[in-house]
Number of protein chains: 6
Amino acid sequence: MKVTVSRKAHFNAAHRLYRKDWTDTENEAVFGKCANPHYHGHNYELIVHVKGSIDPQTGYVMDMKLLKDLIKVEVEDRMDHKNLNEEVHEFIDLIPTAENMAVVIYNLLKPHLNKEHELSVTLYETPRNYVTFQG
Amino acid sequence: MKVTVSRKAHFNAAHRLYRKDWTDTENEAVFGKCANPHYHGHNYELIVHVKGSIDPQTGYVMDMKLLKDLIKVEVEDRMDHKNLNEEVHEFIDLIPTAENMAVVIYNLLKPHLNKEHELSVTLYETPRNYVTFQG
Amino acid sequence: MKVTVSRKAHFNAAHRLYRKDWTDTENEAVFGKCANPHYHGHNYELIVHVKGSIDPQTGYVMDMKLLKDLIKVEVEDRMDHKNLNEEVHEFIDLIPTAENMAVVIYNLLKPHLNKEHELSVTLYETPRNYVTFQG
Amino acid sequence: MKVTVSRKAHFNAAHRLYRKDWTDTENEAVFGKCANPHYHGHNYELIVHVKGSIDPQTGYVMDMKLLKDLIKVEVEDRMDHKNLNEEVHEFIDLIPTAENMAVVIYNLLKPHLNKEHELSVTLYETPRNYVTFQG
Amino acid sequence: MKVTVSRKAHFNAAHRLYRKDWTDTENEAVFGKCANPHYHGHNYELIVHVKGSIDPQTGYVMDMKLLKDLIKVEVEDRMDHKNLNEEVHEFIDLIPTAENMAVVIYNLLKPHLNKEHELSVTLYETPRNYVTFQG
Amino acid sequence: MKVTVSRKAHFNAAHRLYRKDWTDTENEAVFGKCANPHYHGHNYELIVHVKGSIDPQTGYVMDMKLLKDLIKVEVEDRMDHKNLNEEVHEFIDLIPTAENMAVVIYNLLKPHLNKEHELSVTLYETPRNYVTFQG
């Protein structure tokens with residue numbers, strides 16, 4: 001009897017989408033305004049989903065306070081109010097698209113979860129654009 | 001050709017999370033503020049999902065008015081403006097965590113649906129915490 | 001390593017639910033207020049989900065600007081500010097329930113996507129009623 | 001010591017914006033897609049605000065259940081699932097713009113409120129467009 | 001040149017609406033389900049508005065971090081996960097309607113603000129019911 | 001008989017809060033994480049309110065399409081996907097706090113409106129923080 005628990009979190013950050021090995025013209029052709037060398041930014045809304053069995057002792061799949069704290073340490077403390085390209089080492093050589101960010105966040109959280117738990121990550125880049133990675 | 005229809009509903013209730021066979025100290029260690037003996041409460045947002053084939057006569061998987069009425073009778077009338085621990089018999093001996101509530105709601109609704117229909121239940125305890133049970 | 005990208009869009013339209021081969025009384029018995037011969041209408045919120053591999057060159061599953069433009073051409077330009085029963089030819093002989101609309105929208109978008117991409121469509125008819133079609 | 005109480009309600013309807021004394025070309029020049037002779041429609045979100053003194057007996061400005069019922073009788077029963085131009089007599093000779101609708105709704109509700117109460121009406125035509133009328 | 005800054009916060013609590021000097025029948029006649037002696041509860045969404053001049057040094061009306069901390073100490077720490085009737089001394093002899101709660105919260109916050117600042121308080125009891133107190 | 005029409009828009013941008021005439025330590029003491037020299041960013045939600053009389057010819061206070069276009073030209077085209085400190089000349093010597101941004105946006109829009117129209121501007125920096133400037 002498996003239930004998925006989901007926890008929302010929030011951080012904001014600057015980023016730009018570009019490849020160092022492409023010219024400005026090539027970057028702008030592919031990434032448009034998102035390639036702006038001066039950066040732009042977003043309020044990211046993150047939803048972390050953990051699927052597992054209900055512990056009959058507590059009625060919890062996992063303690064949401066622990067999940068909240070884990071998201072804070074692994075995601076918010078690294079990314080909140082940061083420039084993703086410049087200050088978050090996972091994105092030094094990886095374009096911080098929402099897709100890549102969801103995979104990075106998944107990989108940051110996964111090692112800290114119980115092995116029986118299935119993880120998935122939803123990331124809103126804007127209220128109209130979001131991505132989901134299920135591992 | 002299966003489509004999932006989803007209907008949102010709302011109820012509010014008081015509850016506390018605790019085990020009768022634990023001391024206050026044990027309950028507070030595990031459930032924190034949620035163990036408060038004087039209760040606290042929530043606006044629960046419920047989303048009921050029913051997956052099935054489209055009836056070619058009506059274009060409906062099922063009539064959403066019937067689903068709305070079913071949720072009212074089986075969930076809202078039992079739980080709305082109630083103390084879950086004291087007044088909802090399913091939680092006399094079951095901790096009313098969101099996880100357990102989703103399973104209870106699933107079991108209340110399931111017998112009233114067409115057998116071919118797949119049911120799942122999403123329950124928001126707060127705007128930031130929610131659970132999903134797919135049976 | 002597959003990620004789902006989701007894009008929200010909006011259109012509004014008039015419709016009524018009825019079968020031409022039923023009497024008014026029969027239509028009202030099944031469709032209630034939705035059968036009103038003078039029509040009513042909705043703000044439809046559409047979410048289009050595309051699941052695929054991340055392109056290692058761009059970090060994109062697909063360019064969300066292209067997805068936005070595709071939704072505009074295939075869905076918004078056909079349905080926005082329209083009477084679905086009278087002006088959208090897919091609904092001349094198909095009842096424009098949310099379920100049927102999700103299938104029609106799926107079929108309008110699918111041929112324009114990369115074959116490896118999995119499509120699904122979520123359509124909100126009201127803030128409390130929505131449907132999802134995954135193909 | 002005055003407090004404003006606000007109650008949200010919902011209805012959906014079809015309408016078109018046009019003047020009978022203008023040609024189709026004139027109507028389309030001013031009202032664009034909203035002049036479509038086949039109608040389009042919206043989910044209207046209505047918020048009714050009533051400002052008054054707190055009754056020291058009850059702690060209420062007014063009973064929200066009474067306000068909810070008043071909105072149902074005066075607004076929802078008249079407009080929900082209706083064609084505003086064809087079926088709501090206030091709009092037979094008045095263009096059902098959101099602005100005019102807010103004034104009409106204000107005038108429908110005002111006579112039923114306590115004279116000391118100040119009324120205002122907010123009406124969302126879409127999630128991005130809304131109007132407020134304060135009398 | 002005055003600007004209003006607004007900060008949202010959240011707490012949840014149990015309460016019941018009743019007068020000790022009324023019988024159960026009288027309380028139920030006036031307060032309906034809200035009089036339930038076993039309590040029910042809500043997720044309260046609080047928005048605190050502070051209007052004042054922009055400090056030309058900082059570009060702030062007031063530091064939102066200080067406002068956030070003030071709301072935490074004065075409101076959340078007193079009311080979150082509490083039974084308002086039993087545990088929040090302002091409501092020992094005052095019915096915890098949303099109206100009275102908005103006034104109490106106003107009075108808790110006001111002494112801690114700069115005298116030139118105008119305060120107002122919006123409190124959502126449910127997503128459909130809210131109140132505003134402007135002092 | 002005056003009605004307020006409100007239109008929502010969206011843009012995203014990078015910024016940092018700091019004074020050039022302060023040291024890094026001074027800036028961090030006042031602006032905290034918002035002073036980060038590498039910038040961070042936000043999805044800004046803008047609501048523009050215009051209050052005026054209803055034109056009896058059209059039923060409009062003003063054509064919302066014109067307001068939408070005005071916001072696009074005056075605000076979105078200047079600020080969307082930009083670094084406010086580096087690329088928006090109004091903020092070369094003005095700290096881009098939400099308060100200052102609301103005043104700047106007000107001043108950009110005001111000259112283009114009818115003189116009888118009253119303007120106000122609401123700007124969400126995050127879903128929990130917003131400001132309003134009424135001129």
# chains A, B, ... in the order shown; residues from 1 in each chain; ligands from 1
$ calpha_fit_and_write --fixed "chain B" --moving "chain A" --output "short mmCIF file (atom, residue, chain, number, x, y, z; two decimals) with C-alpha atoms, in the first residue's frame"
data_model
loop_
_atom_site.label_atom_id
_atom_site.label_comp_id
_atom_site.auth_asym_id
_atom_site.auth_seq_id
_atom_site.Cartn_x
_atom_site.Cartn_y
_atom_site.Cartn_z
CA MET A 1 -8.98 5.18 -25.09
CA LYS A 2 -8.93 6.00 -21.42
CA VAL A 3 -9.22 9.45 -19.92
CA THR A 4 -8.84 10.51 -16.29
CA VAL A 5 -11.44 12.93 -14.91
CA SER A 6 -10.51 14.85 -11.77
CA ARG A 7 -12.79 16.69 -9.37
CA LYS A 8 -11.66 19.04 -6.57
CA ALA A 9 -13.48 19.30 -3.26
CA HIS A 10 -12.83 21.01 0.05
CA PHE A 11 -13.42 20.31 3.72
CA ASN A 12 -11.92 21.51 6.95
CA ALA A 13 -11.35 19.62 10.14
CA ALA A 14 -9.42 19.46 13.41
CA HIS A 15 -7.02 16.65 14.19
CA ARG A 16 -3.96 15.69 16.17
CA LEU A 17 -1.29 13.11 15.45
CA TYR A 18 -0.50 10.83 18.37
CA ARG A 19 -0.55 7.23 19.53
CA LYS A 20 -2.60 6.41 22.61
CA ASP A 21 0.03 3.79 23.58
CA TRP A 22 2.84 6.37 23.64
CA THR A 23 3.61 8.95 26.32
CA ASP A 24 3.21 12.67 25.61
CA THR A 25 6.99 12.93 25.37
CA GLU A 26 7.19 10.12 22.83
CA ASN A 27 4.36 11.64 20.78
CA GLU A 28 5.94 15.06 20.79
CA ALA A 29 9.32 13.60 19.81
CA VAL A 30 7.79 12.01 16.69
CA PHE A 31 4.90 14.31 15.79
CA GLY A 32 6.13 17.66 17.13
CA LYS A 33 3.50 20.42 17.13
CA CYS A 34 1.09 18.05 15.39
CA ALA A 35 0.74 16.10 18.65
CA ASN A 36 -0.78 19.11 20.48
CA PRO A 37 -3.46 17.58 22.79
CA HIS A 38 -5.75 20.58 22.16
CA TYR A 39 -5.81 19.82 18.42
CA HIS A 40 -5.07 22.02 15.42
CA GLY A 41 -6.70 21.94 12.00
CA HIS A 42 -6.54 22.30 8.26
CA ASN A 43 -8.43 23.23 5.12
CA TYR A 44 -8.14 19.98 3.21
CA GLU A 45 -8.21 20.20 -0.59
CA LEU A 46 -9.19 16.86 -2.07
CA ILE A 47 -8.80 15.83 -5.72
CA VAL A 48 -10.47 12.62 -6.80
CA HIS A 49 -9.26 11.10 -10.08
CA VAL A 50 -11.29 8.49 -11.99
CA LYS A 51 -9.77 6.84 -15.07
CA GLY A 52 -11.96 5.02 -17.56
CA SER A 53 -13.19 4.84 -21.13
CA ILE A 54 -15.20 7.64 -22.67
CA ASP A 55 -18.84 6.60 -23.05
CA PRO A 56 -19.49 7.21 -26.76
CA GLN A 57 -23.13 8.13 -26.04
CA THR A 58 -22.37 10.97 -23.62
CA GLY A 59 -18.71 11.83 -24.12
CA TYR A 60 -18.28 11.36 -20.37
CA VAL A 61 -16.03 8.99 -18.44
CA MET A 62 -18.51 9.55 -15.67
CA ASP A 63 -20.90 12.37 -14.88
CA MET A 64 -18.92 14.88 -12.79
CA LYS A 65 -22.12 15.86 -10.97
CA LEU A 66 -22.43 12.28 -9.71
CA LEU A 67 -18.76 12.31 -8.67
CA LYS A 68 -19.29 15.64 -6.89
CA ASP A 69 -22.32 14.23 -5.05
CA LEU A 70 -20.46 11.03 -4.15
CA ILE A 71 -17.58 13.03 -2.64
CA LYS A 72 -20.08 15.11 -0.69
CA VAL A 73 -21.88 12.11 0.81
CA GLU A 74 -18.88 9.88 1.45
CA VAL A 75 -16.23 12.44 2.43
CA GLU A 76 -17.53 15.95 3.14
CA ASP A 77 -20.57 14.90 5.18
CA ARG A 78 -18.34 12.66 7.32
CA MET A 79 -15.33 14.94 7.75
CA ASP A 80 -16.24 18.58 7.11
CA HIS A 81 -16.14 20.74 10.25
CA LYS A 82 -15.34 17.66 12.31
CA ASN A 83 -12.69 16.56 14.75
CA LEU A 84 -11.18 13.61 12.91
CA ASN A 85 -9.84 11.84 15.99
CA GLU A 86 -13.04 12.19 17.99
CA GLU A 87 -15.83 12.11 15.43
CA VAL A 88 -14.75 10.10 12.39
CA HIS A 89 -14.87 6.43 13.34
CA GLU A 90 -12.18 5.35 10.83
CA PHE A 91 -9.67 7.39 12.86
CA ILE A 92 -10.60 6.13 16.32
CA ASP A 93 -7.68 3.70 16.09
CA LEU A 94 -5.83 5.07 13.07
CA ILE A 95 -3.64 8.21 13.15
CA PRO A 96 -5.22 10.82 10.83
CA THR A 97 -2.06 11.63 8.88
CA ALA A 98 -2.64 12.81 5.32
CA GLU A 99 -1.35 9.40 4.15
CA ASN A 100 -3.90 7.46 6.20
CA MET A 101 -6.65 9.92 5.27
CA ALA A 102 -6.00 9.38 1.55
CA VAL A 103 -6.31 5.61 2.00
CA VAL A 104 -9.50 5.97 4.06
CA ILE A 105 -11.03 8.30 1.45
CA TYR A 106 -10.04 5.88 -1.33
CA ASN A 107 -11.77 3.04 0.51
CA LEU A 108 -14.89 5.13 1.10
CA LEU A 109 -15.23 6.03 -2.58
CA LYS A 110 -14.07 2.84 -4.34
CA PRO A 111 -17.16 0.64 -3.70
CA HIS A 112 -19.40 3.26 -5.32
CA LEU A 113 -17.53 3.42 -8.61
CA ASN A 114 -17.94 1.34 -11.73
CA LYS A 115 -15.58 -1.67 -11.52
CA GLU A 116 -13.72 -0.70 -14.70
CA HIS A 117 -12.85 2.68 -13.24
CA GLU A 118 -9.42 3.23 -11.70
CA LEU A 119 -9.47 5.55 -8.70
CA SER A 120 -6.79 7.71 -7.18
CA VAL A 121 -6.93 10.32 -4.45
CA THR A 122 -4.82 13.44 -3.87
CA LEU A 123 -5.15 15.24 -0.54
CA TYR A 124 -3.60 18.62 0.29
CA GLU A 125 -3.12 19.07 4.04
CA THR A 126 -1.58 22.51 3.49
CA PRO A 127 -0.74 24.35 0.26
CA ARG A 128 2.81 22.96 0.62
CA ASN A 129 2.14 19.35 1.70
CA TYR A 130 0.05 16.80 -0.15
CA VAL A 131 -0.23 13.06 -0.71
CA THR A 132 -1.50 10.79 -3.49
CA PHE A 133 -2.84 7.24 -3.18
CA GLN A 134 -3.48 5.19 -6.31
CA GLY A 135 -4.82 2.02 -4.71
#
$ select_by_dssp --residues "chain F" --states "strand (DSSP E or B)" --output "ChimeraX atom specification"
/F:2-15,40-53,82-83,118-126,129-133
